[in-house]
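J.: protein-v4.txt is the file, holding compact mmCIF, C-alpha atoms and all ligand atoms:
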# COMPACT_ATOMS: atom_id res chain seq x y z
CA MET U 6 95.69 124.53 118.35
CA SER U 7 95.02 128.22 117.87
CA ASP U 8 91.57 129.75 117.46
CA LYS U 9 91.43 129.10 113.72
CA ASP U 10 91.10 125.61 112.30
CA VAL U 11 93.38 126.10 109.32
CA THR U 12 96.90 124.71 109.43
CA GLU U 13 99.36 127.32 108.23
CA VAL U 14 102.20 126.21 105.96
CA VAL U 15 104.97 128.71 106.62
CA PRO U 16 108.26 129.01 104.70
CA ALA U 17 111.20 128.06 106.92
CA ASP U 18 112.87 131.47 106.77
CA ALA U 19 114.00 133.48 109.83
CA ALA U 20 110.50 134.87 110.44
CA GLY U 21 108.87 131.43 110.12
CA ILE U 22 111.41 129.86 112.45
CA ALA U 23 110.86 132.61 115.05
CA ARG U 24 107.07 132.10 114.90
CA ALA U 25 107.46 128.34 115.23
CA ALA U 26 109.70 128.80 118.28
CA GLN U 27 107.12 131.18 119.79
CA LEU U 28 104.27 128.67 119.34
CA LEU U 29 106.43 125.90 120.79
CA ALA U 30 107.49 128.04 123.76
CA SER U 31 103.83 128.63 124.59
CA GLY U 32 103.17 124.87 124.65
CA ASP U 33 101.77 124.25 121.16
CA VAL U 34 102.83 121.66 118.56
CA VAL U 35 104.49 122.53 115.23
CA ALA U 36 105.56 120.24 112.36
CA VAL U 37 109.23 120.85 111.58
CA PRO U 38 111.45 119.37 108.84
CA THR U 39 114.43 117.24 109.86
CA GLU U 40 116.91 115.44 107.62
CA THR U 41 115.00 112.15 108.21
CA VAL U 42 111.26 112.96 108.05
CA TYR U 43 109.03 115.85 109.21
CA GLY U 44 108.63 115.74 113.01
CA LEU U 45 105.66 116.87 115.11
CA ALA U 46 107.50 118.84 117.77
CA ALA U 47 106.51 119.95 121.27
CA ARG U 48 108.44 121.00 124.39
CA ALA U 49 109.75 117.82 126.00
CA ASP U 50 109.53 119.41 129.47
CA SER U 51 105.80 120.11 129.26
CA ALA U 52 103.24 117.36 129.95
CA GLU U 53 100.47 119.45 128.31
CA ALA U 54 102.52 120.08 125.16
CA VAL U 55 103.53 116.41 124.84
CA ALA U 56 99.90 115.35 125.32
CA LYS U 57 99.06 117.38 122.20
CA ILE U 58 101.49 115.24 120.15
CA TYR U 59 99.77 112.02 121.28
CA ALA U 60 96.34 113.55 120.64
CA ALA U 61 97.14 114.90 117.15
CA LYS U 62 98.73 111.62 116.02
CA GLY U 63 96.27 109.28 117.74
CA ARG U 64 99.41 107.62 119.08
CA PRO U 65 99.16 104.90 121.73
CA ASP U 66 100.66 106.30 124.92
CA PHE U 67 102.89 103.30 125.58
CA ASN U 68 105.02 104.39 122.63
CA PRO U 69 107.85 106.67 123.83
CA LEU U 70 109.09 109.70 121.86
CA ILE U 71 112.53 110.72 120.62
CA VAL U 72 113.83 113.96 122.16
CA HIS U 73 115.74 116.31 119.86
CA VAL U 74 118.52 118.38 121.39
CA ARG U 75 120.41 121.49 120.33
CA ASP U 76 123.81 120.05 121.24
CA ILE U 77 125.59 117.46 123.36
CA GLU U 78 125.53 119.72 126.45
CA GLN U 79 121.75 119.83 126.35
CA ALA U 80 121.76 116.02 125.93
CA ARG U 81 124.05 115.52 128.94
CA ALA U 82 121.52 117.31 131.15
CA ILE U 83 118.96 114.65 130.20
CA ALA U 84 120.81 111.30 129.96
CA ASP U 85 123.92 109.58 131.30
CA PHE U 86 126.57 109.40 128.58
CA ASP U 87 129.17 106.64 129.01
CA ASP U 88 132.30 106.56 126.80
CA ARG U 89 130.52 104.66 124.02
CA ALA U 90 127.65 107.15 123.94
CA ALA U 91 130.06 110.10 123.88
CA ASP U 92 132.02 108.45 121.06
CA LEU U 93 128.90 107.78 118.96
CA ALA U 94 127.61 111.33 119.51
CA GLU U 95 131.02 112.70 118.54
CA ARG U 96 131.04 110.66 115.33
CA PHE U 97 127.43 110.96 114.17
CA TRP U 98 125.87 114.10 115.70
CA PRO U 99 124.39 116.18 114.35
CA GLY U 100 122.82 113.40 112.28
CA PRO U 101 120.33 110.53 111.99
CA LEU U 102 121.46 108.45 114.99
CA THR U 103 119.21 108.18 118.06
CA LEU U 104 120.79 106.94 121.30
CA VAL U 105 118.71 105.22 123.99
CA LEU U 106 120.47 105.96 127.28
CA PRO U 107 119.71 105.96 131.02
CA LEU U 108 117.53 108.95 131.94
CA CYS U 109 119.10 111.31 134.52
CA SER U 110 117.06 111.40 137.72
CA ASN U 111 116.88 115.21 137.65
CA ALA U 112 116.12 115.57 133.91
CA ARG U 113 113.31 118.03 133.14
CA ILE U 114 111.38 115.70 130.84
CA ALA U 115 107.62 115.04 130.95
CA ASP U 116 106.81 111.43 131.96
CA ALA U 117 104.77 110.83 128.82
CA VAL U 118 107.92 111.30 126.70
CA THR U 119 109.53 108.11 128.01
CA ALA U 120 106.21 106.29 128.60
CA GLY U 121 107.51 105.50 132.08
CA LEU U 122 110.78 103.83 130.94
CA PRO U 123 114.03 104.47 132.89
CA THR U 124 115.72 105.27 129.55
CA ILE U 125 115.34 108.04 126.99
CA ALA U 126 115.90 108.28 123.23
CA LEU U 127 117.98 111.34 122.19
CA ARG U 128 119.29 112.81 118.97
CA GLN U 129 120.84 116.03 117.68
CA PRO U 130 119.29 116.60 114.24
CA ALA U 131 121.35 117.89 111.31
CA HIS U 132 118.64 119.83 109.45
CA ARG U 133 119.31 123.60 109.52
CA VAL U 134 115.63 124.39 110.21
CA MET U 135 115.23 122.03 113.18
CA GLN U 136 118.60 123.24 114.48
CA ALA U 137 117.51 126.87 114.21
CA VAL U 138 114.22 126.13 116.03
CA LEU U 139 116.08 124.34 118.86
CA GLN U 140 118.58 127.20 119.10
CA ASN U 141 115.86 129.83 119.14
CA LEU U 142 113.72 127.97 121.71
CA GLY U 143 116.38 126.80 124.15
CA HIS U 144 114.35 123.74 125.25
CA PRO U 145 114.64 120.16 123.94
CA LEU U 146 111.82 119.02 121.68
CA ALA U 147 109.98 115.70 121.63
CA ALA U 148 109.22 114.98 117.97
CA PRO U 149 107.85 111.78 116.43
CA SER U 150 106.98 111.68 112.74
CA ALA U 151 104.28 114.23 111.79
CA ASN U 152 101.61 111.79 110.60
CA LEU U 153 98.63 109.94 112.02
CA SER U 154 99.67 106.85 113.95
CA GLU U 155 100.12 103.83 111.62
CA GLY U 156 100.25 106.06 108.53
CA ILE U 157 103.02 106.78 106.02
CA SER U 158 105.73 109.09 107.36
CA PRO U 159 105.91 112.58 105.82
CA THR U 160 108.93 113.75 103.83
CA ARG U 161 107.26 116.92 102.48
CA ALA U 162 105.05 119.61 104.01
CA ASP U 163 102.05 118.53 101.90
CA HIS U 164 102.35 114.97 103.31
CA VAL U 165 101.95 116.48 106.81
CA ILE U 166 98.89 118.45 105.75
CA ALA U 167 97.34 115.37 104.11
CA SER U 168 97.71 113.39 107.35
CA LEU U 169 97.39 115.95 110.17
CA GLY U 170 95.92 119.05 108.51
CA SER U 171 93.59 120.94 110.88
CA ALA U 172 94.84 118.96 113.90
CA ILE U 173 97.93 121.20 114.24
CA PRO U 174 98.39 124.97 113.94
CA MET U 175 101.51 125.15 111.74
CA VAL U 176 103.91 123.33 109.42
CA LEU U 177 107.32 124.86 108.76
CA ASP U 178 108.02 124.09 105.09
CA GLY U 179 111.71 123.29 104.54
CA GLY U 180 111.26 121.32 101.31
CA PRO U 181 111.78 117.56 100.91
CA CYS U 182 113.77 115.66 103.58
CA GLU U 183 117.19 114.59 102.40
CA ARG U 184 117.46 111.16 104.08
CA GLY U 185 113.81 110.14 103.85
CA VAL U 186 113.74 107.38 106.48
CA GLU U 187 113.65 107.68 110.27
CA SER U 188 116.84 107.73 112.35
CA THR U 189 118.78 104.63 113.32
CA ILE U 190 118.02 103.83 116.99
CA VAL U 191 120.73 102.22 119.15
CA ALA U 192 120.27 101.21 122.79
CA LEU U 193 123.44 101.24 124.88
CA ARG U 194 122.93 99.16 127.99
CA GLN U 195 124.69 99.61 131.30
CA ASP U 196 125.99 96.01 131.22
CA GLY U 197 128.11 97.06 128.21
CA GLY U 198 125.81 95.50 125.61
CA TRP U 199 124.03 97.23 122.76
CA SER U 200 121.20 96.62 120.32
CA LEU U 201 120.01 98.09 117.07
CA LEU U 202 116.37 98.95 117.85
CA ARG U 203 115.55 100.44 114.45
CA PRO U 204 117.63 100.33 111.25
CA GLY U 205 118.11 103.70 109.57
CA PRO U 206 120.55 105.89 107.63
CA ILE U 207 123.49 105.12 109.97
CA THR U 208 124.13 101.55 108.90
CA LYS U 209 124.43 98.46 111.06
CA GLU U 210 127.74 97.74 109.32
CA SER U 211 129.27 101.00 110.60
CA LEU U 212 127.90 100.42 114.13
CA LEU U 213 129.37 96.91 114.20
CA ARG U 214 132.77 98.33 113.29
CA ILE U 215 132.61 100.78 116.21
CA LEU U 216 130.76 98.81 118.91
CA GLY U 217 131.65 95.21 118.08
CA ALA U 218 129.07 92.42 117.97
CA GLU U 219 125.48 93.27 118.91
CA THR U 220 124.34 91.63 122.17
CA GLU U 221 121.04 90.09 123.18
CA THR U 222 119.14 91.70 126.03
CA SER U 223 119.48 89.74 129.26
CA GLU U 224 115.72 89.21 129.51
CA GLY U 225 115.15 88.86 125.79
CA THR U 226 112.48 91.57 126.06
CA ILE U 227 111.45 94.01 123.37
CA GLU U 228 113.23 97.25 124.08
CA ALA U 229 111.66 99.44 121.44
CA PRO U 230 107.94 99.59 122.03
CA GLY U 231 106.09 100.25 118.83
CA GLN U 232 108.77 98.79 116.59
CA LEU U 233 107.34 95.34 115.94
CA SER U 234 103.94 95.85 114.44
CA ARG U 235 102.15 97.55 111.59
CA HIS U 236 103.39 101.00 110.67
CA TYR U 237 103.82 103.19 107.58
CA SER U 238 100.59 101.79 106.15
CA PRO U 239 99.24 103.10 102.82
CA GLY U 240 95.88 101.42 103.63
CA LYS U 241 96.08 98.96 100.71
CA PRO U 242 97.45 95.43 100.35
CA ILE U 243 101.15 95.35 99.48
CA ARG U 244 103.05 92.58 97.62
CA LEU U 245 106.82 92.70 98.12
CA GLY U 246 109.54 91.37 95.82
CA ALA U 247 107.51 92.02 92.64
CA LEU U 248 109.21 92.00 89.22
CA THR U 249 106.04 92.85 87.29
CA ALA U 250 102.62 94.21 88.24
CA GLU U 251 99.12 92.79 87.91
CA PRO U 252 96.64 95.21 86.25
CA SER U 253 95.19 96.01 89.69
CA GLU U 254 98.58 96.97 91.18
CA PHE U 255 100.49 100.25 91.43
CA LEU U 256 104.11 99.17 90.93
CA ILE U 257 106.90 100.86 92.90
CA GLY U 258 110.07 100.03 90.98
CA PHE U 259 113.75 99.92 91.81
CA GLY U 260 116.68 99.75 89.39
CA THR U 261 115.73 97.85 86.23
CA VAL U 262 112.22 97.08 87.51
CA HIS U 263 110.38 100.10 86.14
CA GLY U 264 107.10 100.94 87.77
CA ASP U 265 104.48 103.66 88.09
CA CYS U 266 107.22 105.35 90.08
CA ASN U 267 110.79 104.25 90.71
CA LEU U 268 112.67 104.46 94.04
CA SER U 269 115.92 104.82 92.09
CA ALA U 270 116.36 103.96 88.40
CA ASP U 271 120.13 103.84 89.05
CA GLY U 272 119.69 101.33 91.89
CA ASP U 273 121.08 103.88 94.40
CA LEU U 274 119.94 103.01 97.93
CA LYS U 275 120.33 106.53 99.35
CA GLU U 276 118.18 107.90 96.55
CA ALA U 277 115.70 105.08 97.18
CA ALA U 278 115.45 105.94 100.90
CA ALA U 279 114.79 109.60 100.08
CA ALA U 280 112.02 108.60 97.60
CA LEU U 281 110.43 105.82 99.68
CA TYR U 282 107.61 107.65 101.46
CA SER U 283 106.78 109.88 98.47
CA CYS U 284 106.29 106.73 96.36
CA LEU U 285 104.15 105.16 99.09
CA HIS U 286 102.04 108.35 99.31
CA ARG U 287 101.57 108.26 95.50
CA ALA U 288 100.64 104.59 95.61
CA ALA U 289 98.13 105.29 98.40
CA LEU U 290 96.48 108.06 96.34
CA SER U 291 96.39 106.15 93.03
CA SER U 292 93.18 104.56 91.71
CA LYS U 293 94.81 101.09 91.84
CA PRO U 294 93.46 99.00 94.75
CA SER U 295 96.77 97.35 95.62
CA ILE U 296 100.52 97.94 95.53
CA ALA U 297 103.46 95.85 94.30
CA ILE U 298 107.02 96.74 95.23
CA ALA U 299 110.24 95.64 93.51
CA PRO U 300 112.98 93.91 95.51
CA VAL U 301 115.45 96.28 97.21
CA PRO U 302 118.88 94.98 98.36
CA ARG U 303 119.33 94.75 102.12
CA ASP U 304 122.79 96.24 102.48
CA GLY U 305 123.52 99.70 103.91
CA VAL U 306 120.37 101.82 104.20
CA GLY U 307 118.60 99.05 102.23
CA ARG U 308 118.11 97.33 105.60
CA ALA U 309 116.04 100.32 106.79
CA ILE U 310 114.07 100.44 103.53
CA ASN U 311 113.20 96.74 103.79
CA ASP U 312 112.28 97.14 107.47
CA ARG U 313 109.78 99.92 106.62
CA LEU U 314 108.39 98.00 103.63
CA ALA U 315 107.82 94.87 105.72
CA ARG U 316 105.88 96.91 108.30
CA ALA U 317 103.92 98.74 105.59
CA ALA U 318 102.91 95.32 104.21
CA THR U 319 101.74 93.99 107.60
CA PRO U 320 97.94 93.56 107.62
CA SER U 321 96.02 95.70 110.07
CA GLY U 322 95.88 94.46 113.65
CA THR U 323 98.21 95.64 116.36
CA ARG U 324 98.40 99.38 116.56
CA SER U 325 101.74 101.04 116.38
CA ASP U 326 103.14 104.31 115.26
P1 LIG Z 401 109.58 108.09 116.40
O1 LIG Z 401 108.17 107.67 116.11
O2 LIG Z 401 110.42 108.27 115.18
O3 LIG Z 401 109.65 109.20 117.37
O4 LIG Z 401 110.28 106.85 117.08
C1 LIG Z 401 110.08 106.59 118.40
C2 LIG Z 401 110.53 105.21 118.65
O5 LIG Z 401 111.73 105.28 119.40
C3 LIG Z 401 109.56 104.45 119.52
O6 LIG Z 401 108.60 103.77 118.76
C4 LIG Z 401 110.44 103.52 120.27
O7 LIG Z 401 110.53 102.32 119.57
C5 LIG Z 401 111.80 104.19 120.27
N1 LIG Z 401 112.11 104.69 121.61
C6 LIG Z 401 111.89 105.90 122.11
N2 LIG Z 401 112.28 105.98 123.39
C7 LIG Z 401 112.75 104.77 123.71
C8 LIG Z 401 113.27 104.20 124.89
N3 LIG Z 401 113.42 104.90 126.01
N4 LIG Z 401 113.64 102.91 124.86
C9 LIG Z 401 113.51 102.20 123.73
N5 LIG Z 401 113.02 102.69 122.58
C10 LIG Z 401 112.63 103.95 122.57
MG MG Z 402 106.58 107.44 113.14
In structure tokens, write the structure found in this file.
Ligand code: AMP
Ligand code: MG

T.:
Amino acid sequence: MSDKDVTEVVPADAAGIARAAQLLASGDVVAVPTETVYGLAARADSAEAVAKIYAAKGRPDFNPLIVHVRDIEQARAIADFDDRAADLAERFWPGPLTLVLPLCSNARIADAVTAGLPTIALRQPAHRVMQAVLQNLGHPLAAPSANLSEGISPTRADHVIASLGSAIPMVLDGGPCERGVESTIVALRQDGGWSLLRPGPITKESLLRILGAETETSEGTIEAPGQLSRHYSPGKPIRLGALTAEPSEFLIGFGTVHGDCNLSADGDLKEAAAALYSCLHRAALSSKPSIAIAPVPRDGVGRAINDRLARAATPSGTRSD
């Protein structure tokens, strides 16, 4: 945080990108748009910079961070890529697919990024602004969603300000995020197995076609800390699968279920993903004390939408991010 307590919202033009890169180089945090959601970025090689992410978000420190890379060469200096990893990166990068891979022993990554795990989550983002920042900076960036832990993810600069304003020095404003839900996370294990750790815009169906059947972990352990509990919470009770609303409910519609806002009147799942967090932010701000949400099909990116809705509807308890 700089000496003033006001968070600057800066247009993501060449000058804004250069200033963001300068702040990041000096070890500060900056909120940057990606094609999924806005990320709170910091140098992944600096323990002090990464600590500022955890502090600003109030994030539990057992929850590891995704590292964003400029290109596959930068990724190969951090993690071991087997043939499957190289194939997936070739097909989907830059884009919303995060790979969890073995961490190289000589990788220059702060310990807090991996929360002590022997693996690391990596992705090359497709958004022109995040790409330009990574290019300009030359270092990989750790970047979880730019919101308070447990809160609704931000898909616009004003969502970041509403959640983190005054805790961070700068938001680069690149307009609304195109995909609107967080990246798909896939763990590739050294025994040849794989697991979908988080559904996202790259669908399970397309991963199954490429990797074959998903495999159980040998120990049956949870491999994605922070993925099982409450998350994306608007701070109000949520009722899922609603076809109509009670007078006390803000209704988020889909398709023919018309509500106070609609994820997609055409029933288009991509459009629904892009609108999801904006609708949840609106529902959170409305005067209605609770929220009802129309059913959304589970195919394609609908799996990711339903995953986020189920977590948003989980009553408070276990902390997550
Ligand atoms: P985000 O908040 O979008 O940065 O997502 C981070 C999530 O990625 C975490 O909550 C973890 O579930 C997952 N993740 C990050 N690193 C690893 C890792 N090394 N192994 C398994 N999951 C990871
Ligand atoms: Mg998050």

J.: Can you measure atom CA of U:Cys109 to atom CA of U:Ile83 for me? One decimal in Å is fine.

T.: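 Computed distance, atom CA of U:Cys109 to atom CA of U:Ile83, equals 5.5 Å.
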
J.: Could you tell me which of U:Ala309, U:Leu108, U:Ile257, U:Val14 comes closest to U:His286 if we count all atoms listed in the file?

T.: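 Distance minimum relative to U:His286 lands on U:Ile257.
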
J.: Would you list the residues that come within 10 Å of ligand MG 402 (chain Z)? Count all atoms listed in the file and give the answer as number ranges by chain.

T.: U: 42-45, 62, 64, 70, 148-159, 186-187, 231-232, 236-237, 325-326

J.: Starting from the point (125.3, 122.3, 126.6), work out which residues of protein, DNA or RNA have an atom no more than 12 Å away when counting all atoms listed in the file; state them as a list in words.

T.: Val74, Arg75, Asp76, Ile77, Glu78, Gln79, Ala80, Arg81, Ala82, Ile83, Gln129, Gln140, Gly143, His144 and Pro145 of chain U

J.: As a ChimeraX atom specification, please: the residues near stretch 295-305 of chain U (cut-off 10 Å, only C-alpha atoms, same-chain neighbours under 4 positions excluded).

T.: /U:204-211,239-264,267-269,272-275,277,285,288-289,291,309-312,314,318

J.: I'd like the interatomic distance between atom CA of U:Thr220 and atom CA of U:Val191, to a tenth of an Å.

T.: 11.6 Å

J.: Can I get N, CA, C and O atoms for stretch 96-117 of chain U, as an mmCIF file, in the first residue's frame?

T.:
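Heads up, here's the output in part_31.cif:
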data_model
loop_
_atom_site.group_PDB
_atom_site.id
_atom_site.type_symbol
_atom_site.label_atom_id
_atom_site.label_comp_id
_atom_site.auth_asym_id
_atom_site.auth_seq_id
_atom_site.Cartn_x
_atom_site.Cartn_y
_atom_site.Cartn_z
ATOM 1 N N ARG U 96 -2.938 -26.952 -26.257
ATOM 2 C CA ARG U 96 -4.326 -26.824 -26.708
ATOM 3 C C ARG U 96 -5.039 -25.620 -26.103
ATOM 4 O O ARG U 96 -5.830 -24.966 -26.769
ATOM 5 N N PHE U 97 -4.802 -25.354 -24.808
ATOM 6 C CA PHE U 97 -5.692 -24.418 -24.098
ATOM 7 C C PHE U 97 -5.025 -23.118 -23.652
ATOM 8 O O PHE U 97 -5.712 -22.227 -23.157
ATOM 9 N N TRP U 98 -3.716 -22.995 -23.735
ATOM 10 C CA TRP U 98 -3.056 -21.752 -23.331
ATOM 11 C C TRP U 98 -2.791 -20.885 -24.542
ATOM 12 O O TRP U 98 -2.435 -21.434 -25.583
ATOM 13 N N PRO U 99 -2.886 -19.562 -24.440
ATOM 14 C CA PRO U 99 -3.403 -18.888 -23.267
ATOM 15 C C PRO U 99 -4.900 -19.144 -23.114
ATOM 16 O O PRO U 99 -5.618 -19.158 -24.105
ATOM 17 N N GLY U 100 -5.353 -19.311 -21.866
ATOM 18 C CA GLY U 100 -6.773 -19.561 -21.649
ATOM 19 C C GLY U 100 -7.062 -20.025 -20.239
ATOM 20 O O GLY U 100 -6.145 -20.161 -19.422
ATOM 21 N N PRO U 101 -8.364 -20.301 -19.948
ATOM 22 C CA PRO U 101 -8.798 -20.530 -18.565
ATOM 23 C C PRO U 101 -8.613 -21.966 -18.071
ATOM 24 O O PRO U 101 -9.534 -22.548 -17.524
ATOM 25 N N LEU U 102 -7.415 -22.526 -18.278
ATOM 26 C CA LEU U 102 -7.095 -23.855 -17.745
ATOM 27 C C LEU U 102 -5.867 -23.738 -16.844
ATOM 28 O O LEU U 102 -4.806 -23.292 -17.295
ATOM 29 N N THR U 103 -6.030 -24.133 -15.571
ATOM 30 C CA THR U 103 -4.917 -24.138 -14.621
ATOM 31 C C THR U 103 -4.443 -25.575 -14.449
ATOM 32 O O THR U 103 -5.248 -26.478 -14.241
ATOM 33 N N LEU U 104 -3.125 -25.767 -14.557
ATOM 34 C CA LEU U 104 -2.530 -27.100 -14.411
ATOM 35 C C LEU U 104 -1.818 -27.184 -13.066
ATOM 36 O O LEU U 104 -1.007 -26.312 -12.739
ATOM 37 N N VAL U 105 -2.118 -28.220 -12.289
ATOM 38 C CA VAL U 105 -1.376 -28.479 -11.047
ATOM 39 C C VAL U 105 -0.335 -29.543 -11.357
ATOM 40 O O VAL U 105 -0.670 -30.670 -11.744
ATOM 41 N N LEU U 106 0.939 -29.145 -11.222
ATOM 42 C CA LEU U 106 2.070 -29.964 -11.678
ATOM 43 C C LEU U 106 3.142 -30.010 -10.593
ATOM 44 O O LEU U 106 3.162 -29.156 -9.692
ATOM 45 N N PRO U 107 4.079 -30.978 -10.688
ATOM 46 C CA PRO U 107 5.169 -31.016 -9.704
ATOM 47 C C PRO U 107 6.016 -29.739 -9.789
ATOM 48 O O PRO U 107 6.386 -29.295 -10.881
ATOM 49 N N LEU U 108 6.298 -29.167 -8.631
ATOM 50 C CA LEU U 108 7.112 -27.942 -8.559
ATOM 51 C C LEU U 108 8.580 -28.304 -8.781
ATOM 52 O O LEU U 108 9.085 -29.260 -8.186
ATOM 53 N N CYS U 109 9.278 -27.558 -9.647
ATOM 54 C CA CYS U 109 10.720 -27.791 -9.851
ATOM 55 C C CYS U 109 11.452 -27.427 -8.561
ATOM 56 O O CYS U 109 11.118 -26.436 -7.912
ATOM 57 N N SER U 110 12.503 -28.192 -8.254
ATOM 58 C CA SER U 110 13.209 -27.942 -6.993
ATOM 59 C C SER U 110 13.903 -26.578 -6.990
ATOM 60 O O SER U 110 14.050 -25.953 -5.945
ATOM 61 N N ASN U 111 14.297 -26.098 -8.184
ATOM 62 C CA ASN U 111 15.006 -24.807 -8.221
ATOM 63 C C ASN U 111 14.108 -23.643 -8.652
ATOM 64 O O ASN U 111 14.603 -22.582 -9.038
ATOM 65 N N ALA U 112 12.783 -23.836 -8.587
ATOM 66 C CA ALA U 112 11.869 -22.754 -9.009
ATOM 67 C C ALA U 112 11.975 -21.582 -8.043
ATOM 68 O O ALA U 112 12.043 -21.769 -6.830
ATOM 69 N N ARG U 113 11.956 -20.356 -8.592
ATOM 70 C CA ARG U 113 12.018 -19.169 -7.723
ATOM 71 C C ARG U 113 10.592 -18.740 -7.378
ATOM 72 O O ARG U 113 10.040 -17.813 -7.968
ATOM 73 N N ILE U 114 10.008 -19.463 -6.432
ATOM 74 C CA ILE U 114 8.619 -19.227 -6.033
ATOM 75 C C ILE U 114 8.577 -19.155 -4.510
ATOM 76 O O ILE U 114 9.098 -20.045 -3.828
ATOM 77 N N ALA U 115 7.944 -18.106 -3.972
ATOM 78 C CA ALA U 115 7.841 -17.983 -2.504
ATOM 79 C C ALA U 115 7.043 -19.158 -1.938
ATOM 80 O O ALA U 115 6.056 -19.594 -2.545
ATOM 81 N N ASP U 116 7.459 -19.656 -0.765
ATOM 82 C CA ASP U 116 6.808 -20.836 -0.165
ATOM 83 C C ASP U 116 5.311 -20.630 0.055
ATOM 84 O O ASP U 116 4.521 -21.567 -0.076
ATOM 85 N N ALA U 117 4.935 -19.408 0.409
ATOM 86 C CA ALA U 117 3.523 -19.152 0.717
ATOM 87 C C ALA U 117 2.621 -19.366 -0.500
ATOM 88 O O ALA U 117 1.422 -19.595 -0.361
#
